[in-house]
Amino acid sequence: MTATEAPARIACDHCGLPVPKGLRTDERAEQFCCAACEMAYDMIRACGMDSFYDVARTTGAERDRARGTGKRYDDLDIAAQVERHSQTEWSTQLSIKGLHCAACVWLLERLPRIHSGVKEARVSMPRARVALTWDPTHTSLAEIARRIDTLGYECFPFYEGIGTAQRSNESRRYLVRIGVAGAIAGNIMLASVALYAGEFVGIEPLYEQLFRWVSLALTILLLTWPGATFFRGAIAALRTHTPHIDLPVSLGLAVGGIAGAVSTIRGSGDIYFDSIAALTFFLLIGRWLQAQQQERAFDAVAMTSALTPRTARVRRDGETLELPTEHIRQGETVEVRGGETIPVDGVILEGLSHLDRSVMTGESMPVGVNIGDEVNAGDVNLTSRLLITVTAAAGMTRIAKLMARVEDAMDRKAPMQVLANRVAGVFVMVVIALAAVNVLAWSLFDASRVVTTTVALLIVTCPCALGLATPLTFATALGRAARKGVFIKGGDVLERLATPGTIIFDKTGTLTYGRCTLTTWIGNPSLREPVARAEALCEHPIARALSEGLNPSASSPADVQYTVGRGVVATVDGMLLTIGSERFLREQGIAPPNSEMRSAIESSFSRAESPILIARADEVVAVASIGDTLRPDVPELIRSLKALGWQPRILSGDAQESVTAIAERAGIEAHHAIGAADPEHKSAYLRTLASNGTTVMVGDGVNDAAALAEATVGIAVSGGAEASLNAADVFLASAEIDAIPTMLEGATRVTRTIKSTIGFSISYNTVCATLAMLGVITPLLAAILMPASSLTVLTLARRNRSFN
C-alpha cells in the first residue's frame, strides 16, 4: 500500500489510518502514523512477507494499529540513573514488567539487532531488570524504552528495592490469572462431563449445542485473558525472529481452540476445550512455580545485603538524627551503640569495643578495636558505644561493592549457559518442524487424531529446562558461596575452575601471615622481659615482632638508642643490652658468638628466618629468630589440592632461600618454588603456563594484580590491596585460604549438575516427542508432564551440593 496522493489525507502504509502532519516525512516513500507501525512494516518486509499488504488490498481487510502500552517514556532520561562513560557510551538499568521465562531474556537481549544505537542489553530475569548500554548520538533512552514496549514489556526506572516489589506484584498478578484460569477450567469441565455423559445415555441436541457454545465462550475468555500471556510472548518472538518457548505453546493452544470452534459451529465433531482449559491452567501454575524457584536462588545474596542497616544515627549541628544511609556523607560522625550493626565504613573516632566481623571474614571470634581502627558496614558492635567517622556509606561500602559484584556476576553468562540457550533456541524450531511432519503423517492415516497429537507434541516438548536449569544452578552456587564468604564474579569462573590445572600461591600474606613474628628464642630466658621493653617504642617491623612476641609487662626504659634499620643499644634496670644483626653487634665491639649461639644462628638461616642477636655487656647470650610464619592449615591445604588433581606452586618476590624453605614446610616441591619475582616476572610466568591448561593465581598484594588478571582465575584474599581485589575473579572474605579446596570441589559439582540436567532435559524431550507423535500422550497429560519435568530439573539444579 502506498501513501495516498491527496494533500489533505495521507494514509499509514501499515494500518491505513491518517498520518498526522507532524509525522509526515520526505525521507522515505512510505508514511506511518506512529513509530510502532513503522517498526511492524519494516519487520514484515524484512521477513519477506510483502505479500501481506497485497492480500490486504485485495480483501479490503482492516488492519489494527501496532501498539504496546502506548507510553511515550519522554521523562525516562531524567528519572533513570544514567552513567555517562563517554560521549558515545551511556548505560543504565531499567525494571521490566512482563518477564516470565528464559525465552523473554533471549528476546530482549536481541535488542541491539533491532534498534540502532543499542550496544548491549543484558537481562536479569529474577530481578526483572535489563542493563542497557547505548550510543546517545544515535538514539535516546526514551526511544529504546518505546521499542521494548512494542515487544510487550513495560519499562520503569530502576531503583534499589523496586525489583523486589515488582516481582511481588507480578507474582500476585500471576496468581490472579491462575485463579481465573482454574475457575474457567472448572466450568468447562462441568460442561464436558455433561457432553461425555450424553455420549453414553443420550442428550437433547439443544442442550448439546448449548454446552458446546458455553464451552467455546469460556475458552475464548480463557485464551484472551489468563492465556494471553503465551500469545504475547509468541508475537514478540515473531517480531524479533527469536525462537521462543511461547511459540509452540501458543500454536498448540490456537490449533486446539480453532479446531474446537470449527466443530462447534458445524454442530458435530470433537471439541478440545476441556483439554485446552486444563492445559492453560497447568501451564500457568508451572510457570509461576518456576519463577518462585528462581527467586529463591537469588535470596541468599539479597539476605547478605540486608545484613547492613538502612538507617544510622548521624551527628549534625549538635543533634543526633536518624537518617537513611543513602543520605550520609563522607566525613560525618555516626553513633553505633552496643549490640547494633555498623551501617557504614569508617574509622573509630571515640570509644573502645569488640566487634563480630563474621559477615565479612567468616570468623565469629570477637575482635578488639580502639580509636583509629577501621570498621566496615556489617560488623556487629558487641559491647560499648562507638563514634565513627564515615569513609563510605550505602552503595559505596565494601560489603555493598562486593554484593554488587556478585549480583552482576549472576547476570554474566558462562559458555555452558550460552550453549544451552542456543540449543534451546534451535530446539523450538525443531519442535515446530516436527509438528508439521506430525500433521502430514496423521492426515494420511487418521485425520481425526491430527489435532490431539499435534497439540500434545507442541505442549509436552519444552526447552525451559535447558534455558533455566543452567543459570539457576550457577545462581544457587554463587549465592551459597557468598554466604560462606567466597565471592565469585560469575558462573564462567566456576566453569573454568572445574578443570584441574596449576594453582600458584604468593607467599607473603597468603601462605604466611604476611608479618614478622618471633618464632624461636634460644638462650638466657631472663632477658626476654628487658629486650621487650627495649624494643617497645620502636616502629620497625622486627622491633614490633620482638615486643609483641616477648610481651613486656612494664614500661619502656628511658635510655634507648636506635640505629635505623640496624639495631638497638639500651640500658634496662642498669643492664646494658645490644640488640641487632651479627654485623651490628660486631660494629659495637661485641665478641663473636660461642658455638651454641652460632648453631642457633645457622638454624635460623636454614629456616629462611632472620636471627637477631642479644648481647649483655660484651657477650652474646641469646638469639631470637624472626620470620613470616607459615599458616598452620597450609600443609593440609596442599595435600587436599593434590588429591583433587591440582599442581601447587609458589611465586613470590621474596628471596629464593626463604621461598624454598616455606615450600618444603608446606609440602610443595622445591623446583616449583620461584622467588625474587617482580610483578612483570609474575605476569610473564603466568603467560608461559597458559598453554598448559587452567591456571589459578592466589595473592593479596598490588604486586599480584597483574598476575591475578593474567591467570585463568585470580583469587584475592581478605586484607589484600584494592588493586588485587579488582583484578581477581574470586574474593575470599577471610584471610584463611582453607576455603579454596571447597570452592574447587563446588565448581566441579556445579558443572556435573548442569551436564546431568541438560542430559535429562534432552532425554525427556526426545522420549516425550516420540510418544506424543505416536498418540500415546494426550494434551492433558502433556500439560501435566511439561511443567513437572521443568520443575524436576530446576529442583535438581537448586539441590546440588555445591558449597553445602
# chains A, B, ... in the order shown; residues from 1 in each chain; ligands from 1
>>> select_by_dssp(residues="range 138-208 of chain A", states="alpha helix (DSSP H)", output="PyMOL selection string")
chain A and resi 141-150+162-201+205-208
>>> residues_around(residues="Leu785 in chain A", least_positions_apart="3", cutoff="12 Å", atoms="only C-alpha atoms", output="ChimeraX atom specification")
/A:279,282-283,286,456-457,459-462,764-765,767-769,772,777-782,788-792
>>> write_last_selection(atoms="C-alpha atoms", output="PDB file, in the first residue's frame")
ATOM      1  CA  LEU A 279      -3.595 -27.168  29.652  1.00  0.00           C
ATOM      2  CA  PHE A 282      -1.359 -26.252  34.467  1.00  0.00           C
ATOM      3  CA  LEU A 283       0.988 -24.224  32.265  1.00  0.00           C
ATOM      4  CA  GLY A 286       4.147 -24.435  36.192  1.00  0.00           C
ATOM      5  CA  ALA A 456       0.254 -32.808  22.736  1.00  0.00           C
ATOM      6  CA  LEU A 457       3.552 -32.605  20.819  1.00  0.00           C
ATOM      7  CA  ILE A 459       2.984 -28.719  24.660  1.00  0.00           C
ATOM      8  CA  VAL A 460       4.974 -31.636  26.055  1.00  0.00           C
ATOM      9  CA  THR A 461       8.251 -30.683  24.335  1.00  0.00           C
ATOM     10  CA  CYS A 462       9.619 -27.819  26.387  1.00  0.00           C
ATOM     11  CA  TYR A 764      12.892 -36.290  28.318  1.00  0.00           C
ATOM     12  CA  ASN A 765      12.061 -34.220  25.248  1.00  0.00           C
ATOM     13  CA  VAL A 767      11.107 -39.643  24.540  1.00  0.00           C
ATOM     14  CA  CYS A 768       8.021 -37.447  25.048  1.00  0.00           C
ATOM     15  CA  ALA A 769       8.110 -36.075  21.488  1.00  0.00           C
ATOM     16  CA  ALA A 772       3.230 -37.626  21.534  1.00  0.00           C
ATOM     17  CA  ILE A 777       0.492 -38.791  25.293  1.00  0.00           C
ATOM     18  CA  THR A 778      -2.751 -36.791  25.345  1.00  0.00           C
ATOM     19  CA  PRO A 779      -2.888 -32.976  25.527  1.00  0.00           C
ATOM     20  CA  LEU A 780      -3.987 -33.129  29.178  1.00  0.00           C
ATOM     21  CA  LEU A 781      -1.123 -35.454  30.126  1.00  0.00           C
ATOM     22  CA  ALA A 782       1.245 -33.188  28.181  1.00  0.00           C
ATOM     23  CA  ALA A 788       6.524 -31.319  36.051  1.00  0.00           C
ATOM     24  CA  SER A 789       9.647 -32.059  34.003  1.00  0.00           C
ATOM     25  CA  SER A 790      10.827 -28.453  34.200  1.00  0.00           C
ATOM     26  CA  LEU A 791      10.289 -28.343  37.958  1.00  0.00           C
ATOM     27  CA  THR A 792      12.144 -31.632  38.353  1.00  0.00           C
TER      28      THR A 792
END
>>> closest_residue(among="A:Ile184, A:Leu518, A:Leu494, A:Ile488", to="Thr751 in chain A", atoms="only C-alpha atoms")
A:Leu494
>>> residues_around(residues="Leu550 in chain A", least_positions_apart="5", cutoff="8 Å", atoms="only C-alpha atoms", output="VMD selection string")
chain A and resid 528 to 529 531 to 532
>>> residues_around(residues="Glu374 in chain A", least_positions_apart="3", cutoff="12 Å", atoms="only C-alpha atoms", output="ChimeraX atom specification")
/A:342,344-349,355,357,367-371,377,379,386-392,398,719
>>> residues_around(residues="Glu619 in chain A", least_positions_apart="3", cutoff="6 Å", atoms="only C-alpha atoms", output="list in words")
Ala591, Ala615 and Arg616 of chain A
>>> closest_residue(among="A:Ser268, A:Phe760, A:Phe803, A:Ala670", to="Glu208 in chain A", atoms="only C-alpha atoms")
A:Ser268
>>> residues_around(residues="Lys484 in chain A", least_positions_apart="2", cutoff="9 Å", atoms="only C-alpha atoms", output="number ranges by chain")
A: 359, 362, 479-482, 486-487, 733, 739, 803
>>> atom_distance(atom1="CA of Arg173 in chain A", atom2="CA of Tyr153 in chain A")
14.9 Å
>>> atom_distance(atom1="CA of Ser384 in chain A", atom2="CA of Val334 in chain A")
14.1 Å
>>> closest_residue(among="A:Leu641, A:Ala436, A:Met575, A:Val455", to="Glu745 in chain A", atoms="only C-alpha atoms")
A:Leu641
>>> residues_around(residues="Trp521 in chain A", least_positions_apart="3", cutoff="7 Å", atoms="only C-alpha atoms", output="PyMOL selection string")
chain A and resi 623-625
>>> atom_distance(atom1="CA of Thr512 in chain A", atom2="CA of Glu710 in chain A")
22.9 Å
>>> select_by_dssp(residues="range 622-651 of chain A", states="strand (DSSP E)", output="PyMOL selection string")
chain A and resi 622-630+647-651
>>> closest_residue(among="A:Ile522, A:Leu321, A:Leu253, A:Ile188", to="Asp274 in chain A", atoms="only C-alpha atoms")
A:Ile188
>>> closest_residue(among="A:Val750, A:Ile271, A:Leu352, A:Ala228", to="Asn800 in chain A", atoms="only C-alpha atoms")
A:Val750
